[in-house]
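S.K.: Submitted below is the structure of interest, expressed as structure tokens.
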Protein chains: 2
Amino acid sequence: MPKQRDVEAQRDLLSNATWQVLAEHGLPGLTLRAVAERAGCTTGLVMHAFPTKKALLLHARDLLYERTAVRADAAEAASTDAFGALAAVLGQAIDLPHGHHDESRVWVGFLAAALADDDLAGRHRAANRSFLARVHRLVAACCPKWTGEDLERTTKSLVALVEGLNVLAAADPQTYPADLQQAALRAALSVISECAR
Amino acid sequence: MPKQRDVEAQRDLLSNATWQVLAEHGLPGLTLRAVAERAGCTTGLVMHAFPTKKALLLHARDLLYERTAVRADAAEAASTDAFGALAAVLGQAIDLPHGHHDESRVWVGFLAAALADDDLAGRHRAANRSFLARVHRLVAACCPKWTGEDLERTTKSLVALVEGLNVLAAADPQTYPADLQQAALRAALSVISECAR
DNA sequence: CCCTTTCCGTAACGGCCGTTACCGTAGCAG
DNA sequence: CTGCTACGGTAACGGCCGTTACGGAAAGGG
């Protein structure tokens with residue numbers, strides 16, 4: 001049984017390389033050779049770890065979802081009340097100071113790819129609906145008296161605002177700086193904070 | 001002086017074809033051969049009308065901006081008061097009943113391309129800032145008493161909400177139907193409608 | 001009616017892509 | 001230490017890309 005490898009570690013390494021290349025050079029620059037160079041190997045290893053380029057893309061997409069889910073879990077767990085958790089979850093989804101700025105660029109790249117690829121579109125929908133469910137749960141905890149329609153509209157408005165800020169800031173960070181994004185989120189949450197009292 | 005052509009008409013034809021291909025097959029499907037086939041000609045004509053593929057892309061981007069500007073002008077001119085104009089301008093930016101649903105997909109495509117292309121990024125910033133200026137002017141007309149900071153935050157929040165809804169609806173129309181988008185916009189505008197009174 | 005000049009379809013080229021086949025090699029069993 | 005086997009680096013292939021060169025066709029002037 002000679003020369004065994006750690007398949008999982010390889011897949012993570014390559015998914016991270018995919019993520020970095022995507023953030024740096026966008027979708028058109030995402031080639032197997034670029035990923036291999038970034039990961040410090042050759043295309044041979046890539047094609048042994050993943051059967052096709054699409055499988056690599058899907059795995060990288062899953063990795064992006066996993067990261068955001070972990071961060072959202074942490075933000076929620078660190079909060080004491082429902083409103084604080086809601087503010088923390090939405091706030092970490094917006095541009096962070098700690099250099100997670102690439103994540104929005106990668107997200108936009110996957111989104112654009114999803115418009116022409118059914119598998120990626122499915123992952124996108126699943127991830128977004130998962131995020132919607134989380135926000136929905138927190139909003140409902142803040143405002144128990146609201147009807148289902150109010151809950152749905154507010155939830156999707158908050159998510160759309162956050163993702164819109166992300167997207168616009170990714171393309172024009174000067175016009176949408178971090179403090180403005182946080183201020184916009186605070187203003188949008190003020191309605192809920194009133195209702196929560 | 002034999003056999004003259006209408007250069008402008010050709011460029012419009014090809015830009016429209018570019019737009020359609022982009023909406024249908026996304027960025028990866030946007031090739032000169034696909035554009036030529038959609039326009040009913042060959043790549044020879046394309047390369048005579050535009051020196052490079054990038055020039056074609058930029059012209060198509062300008063066309064997209066021009067269309068949205070014309071529609072926004074019309075929406076604004078058809079309104080009687082400032083609040084109505086604001087609601088109309090933002091409402092037409094959201095998903096329309098008249099099949100302009102592709103426009104969001106094209107917009108996302110250009111946005112993703114702009115993340116790796118400086119020229120496209122410049123066009124995107126110019127277009128978005130122009131839209132911001134329009135909304136800013138209308139919000140200021142509605143709420144003359146507001147400070148500059150309030151104006152800026154509200155303006156960018158409204159634009160982020162609208163673009164966020166557009167983007168999310170483009171990838172998951174089932175979760176973000178047209179009536180929900182309009183309801184979300186109405187709720188966001190209610191703050192301004194109170195201030196306008 | 002023909003000639004000239006512009007136009008544009010045709011076809012080829014070089015390059016980069018994803019993918020594949022092959023073989024040198026590294027590491028564990030005996 | 002030696003041989004076997006899975007691993008992964010190398011290089012080539014077919015295909016599609018953007019781009020270019022060329023030649024036939026079409027249209028207005030003489």
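Ordering of the structure tokens sets the chain letters (A, B, ...), residue numbers begin anew at 1 in every chain, and ligands are numbered from 1 in the order given.
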Within 12 Å of Asp73 (chain A), counting only C-alpha atoms (C1' of nucleotides), which residues qualify if same-chain residues fewer than 4 places away don't, as a short mmCIF file (atom, residue, chain, number, x, y, z; two decimals) with N, CA and C atoms, in the first residue's frame?

M.R.:
data_model
loop_
_atom_site.label_atom_id
_atom_site.label_comp_id
_atom_site.auth_asym_id
_atom_site.auth_seq_id
_atom_site.Cartn_x
_atom_site.Cartn_y
_atom_site.Cartn_z
N GLU A 66 -19.70 27.41 3.20
CA GLU A 66 -19.31 26.91 4.52
C GLU A 66 -18.69 28.01 5.36
N ARG A 67 -17.80 28.79 4.74
CA ARG A 67 -17.15 29.88 5.47
C ARG A 67 -18.15 30.90 5.98
N THR A 68 -19.05 31.33 5.12
CA THR A 68 -20.02 32.34 5.54
C THR A 68 -20.93 31.78 6.62
N ALA A 69 -21.27 30.49 6.50
CA ALA A 69 -22.15 29.89 7.52
C ALA A 69 -21.44 29.83 8.87
N ALA A 77 -23.79 33.23 17.87
CA ALA A 77 -23.50 32.65 19.18
C ALA A 77 -22.91 33.67 20.15
N ALA A 78 -22.21 34.67 19.60
CA ALA A 78 -21.56 35.65 20.47
C ALA A 78 -22.52 36.71 20.98
N SER A 79 -23.74 36.67 20.51
CA SER A 79 -24.72 37.70 20.91
C SER A 79 -25.59 37.19 22.04
N ALA A 85 -28.09 39.61 17.88
CA ALA A 85 -27.69 38.55 16.96
C ALA A 85 -28.00 38.95 15.52
N LEU A 86 -29.17 39.53 15.31
CA LEU A 86 -29.55 39.97 13.96
C LEU A 86 -28.57 41.01 13.44
N ALA A 88 -25.53 41.49 14.41
CA ALA A 88 -24.20 40.89 14.24
C ALA A 88 -24.14 40.07 12.96
N VAL A 89 -25.18 39.28 12.71
CA VAL A 89 -25.20 38.43 11.53
C VAL A 89 -25.17 39.27 10.25
N LEU A 90 -26.01 40.30 10.22
CA LEU A 90 -26.05 41.14 9.03
C LEU A 90 -24.78 41.99 8.91
N GLN A 92 -21.73 41.24 9.88
CA GLN A 92 -20.56 40.49 9.41
C GLN A 92 -20.72 40.11 7.94
N ALA A 93 -21.95 40.12 7.46
CA ALA A 93 -22.15 39.84 6.04
C ALA A 93 -21.66 41.00 5.18
N PHE A 131 -29.48 31.58 4.19
CA PHE A 131 -29.25 32.89 4.84
C PHE A 131 -30.58 33.56 5.15
N ARG A 134 -32.15 32.06 8.22
CA ARG A 134 -31.50 32.51 9.45
C ARG A 134 -32.00 33.90 9.84
N VAL A 135 -32.00 34.81 8.88
CA VAL A 135 -32.44 36.18 9.16
C VAL A 135 -33.93 36.19 9.54
#

S.K.: By how many Å are CA of Asp179 (chain A) and CA of Trp146 (chain B) apart?

M.R.: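 That distance, rounded to one decimal, is 19.3 Å.
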
S.K.: Within 12 Å of DG24 (chain C), counting only C-alpha atoms (C1' of nucleotides), which residues qualify if same-chain residues fewer than 6 places away don't, as a PyMOL selection string?

M.R.: chain D and resi 7-10

S.K.: As a list in words, please: the residues near Leu45 (chain B) (cut-off 10 Å, only C-alpha atoms (C1' of nucleotides), same-chain neighbours under 2 positions excluded).

M.R.: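 The residues satisfying every condition are Gln10, Leu14, Ala36, Ala39, Cys41, Thr42, Thr43, Met47, His48, Ala49 and Phe50 of chain B; DC7, DC8 and DG9 of chain C.
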
S.K.: Export, as a compact mmCIF listing (two decimals), in the first residue's frame, the selected residues with C-alpha atoms (C1' of nucleotides).

M.R.:
# COMPACT_ATOMS: atom_id res chain seq x y z
CA GLN B 10 -24.25 48.26 -37.60
CA LEU B 14 -24.07 44.28 -32.96
CA ALA B 36 -22.19 37.35 -35.27
CA ALA B 39 -26.77 39.40 -35.54
CA CYS B 41 -23.67 38.03 -40.11
CA THR B 42 -20.13 36.73 -39.79
CA THR B 43 -17.20 37.68 -37.62
CA MET B 47 -14.28 43.00 -36.75
CA HIS B 48 -14.85 45.74 -39.33
CA ALA B 49 -17.37 47.53 -37.14
CA PHE B 50 -15.27 47.20 -33.98
C1' DC C 7 -17.21 46.33 -48.04
C1' DC C 8 -17.56 41.82 -45.85
C1' DG C 9 -17.66 36.73 -46.09

S.K.: Could I get the residues of chain B with an atom no further than 6 Å from an atom of chain A, each paired with its nearest atom pair and that distance in Å to one decimal, using only C-alpha atoms, sorted by chain and residue number, as a Markdown table?

M.R.:
| residue | atom | partner | partner_atom | distance |
| --- | --- | --- | --- | --- |
| B:His25 | CA | A:Ala116 | CA | 5.6 |
| B:Gly26 | CA | A:Ala116 | CA | 5.4 |
| B:Gly109 | CA | A:Ala112 | CA | 5.6 |
| B:Ala112 | CA | A:Gly109 | CA | 5.6 |
| B:Ala116 | CA | A:Gly26 | CA | 5.4 |
| B:Arg153 | CA | A:Ala184 | CA | 5.9 |
| B:Ser157 | CA | A:Ala184 | CA | 5.8 |
| B:Ala160 | CA | A:Gly164 | CA | 4.5 |
| B:Leu161 | CA | A:Leu161 | CA | 4.3 |
| B:Glu163 | CA | A:Gly164 | CA | 5.5 |
| B:Gly164 | CA | A:Gly164 | CA | 3.7 |
| B:Leu165 | CA | A:Ala160 | CA | 5.3 |
| B:Ala184 | CA | A:Ser157 | CA | 5.8 |

S.K.: Measuring between only C-alpha atoms (C1' of nucleotides), which one of C:DC28, C:DC13, C:DC3, C:DC22 shows the shortest distance to chain A?

M.R.: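 Ranked by minimum distance to chain A, first place goes to C:DC28.
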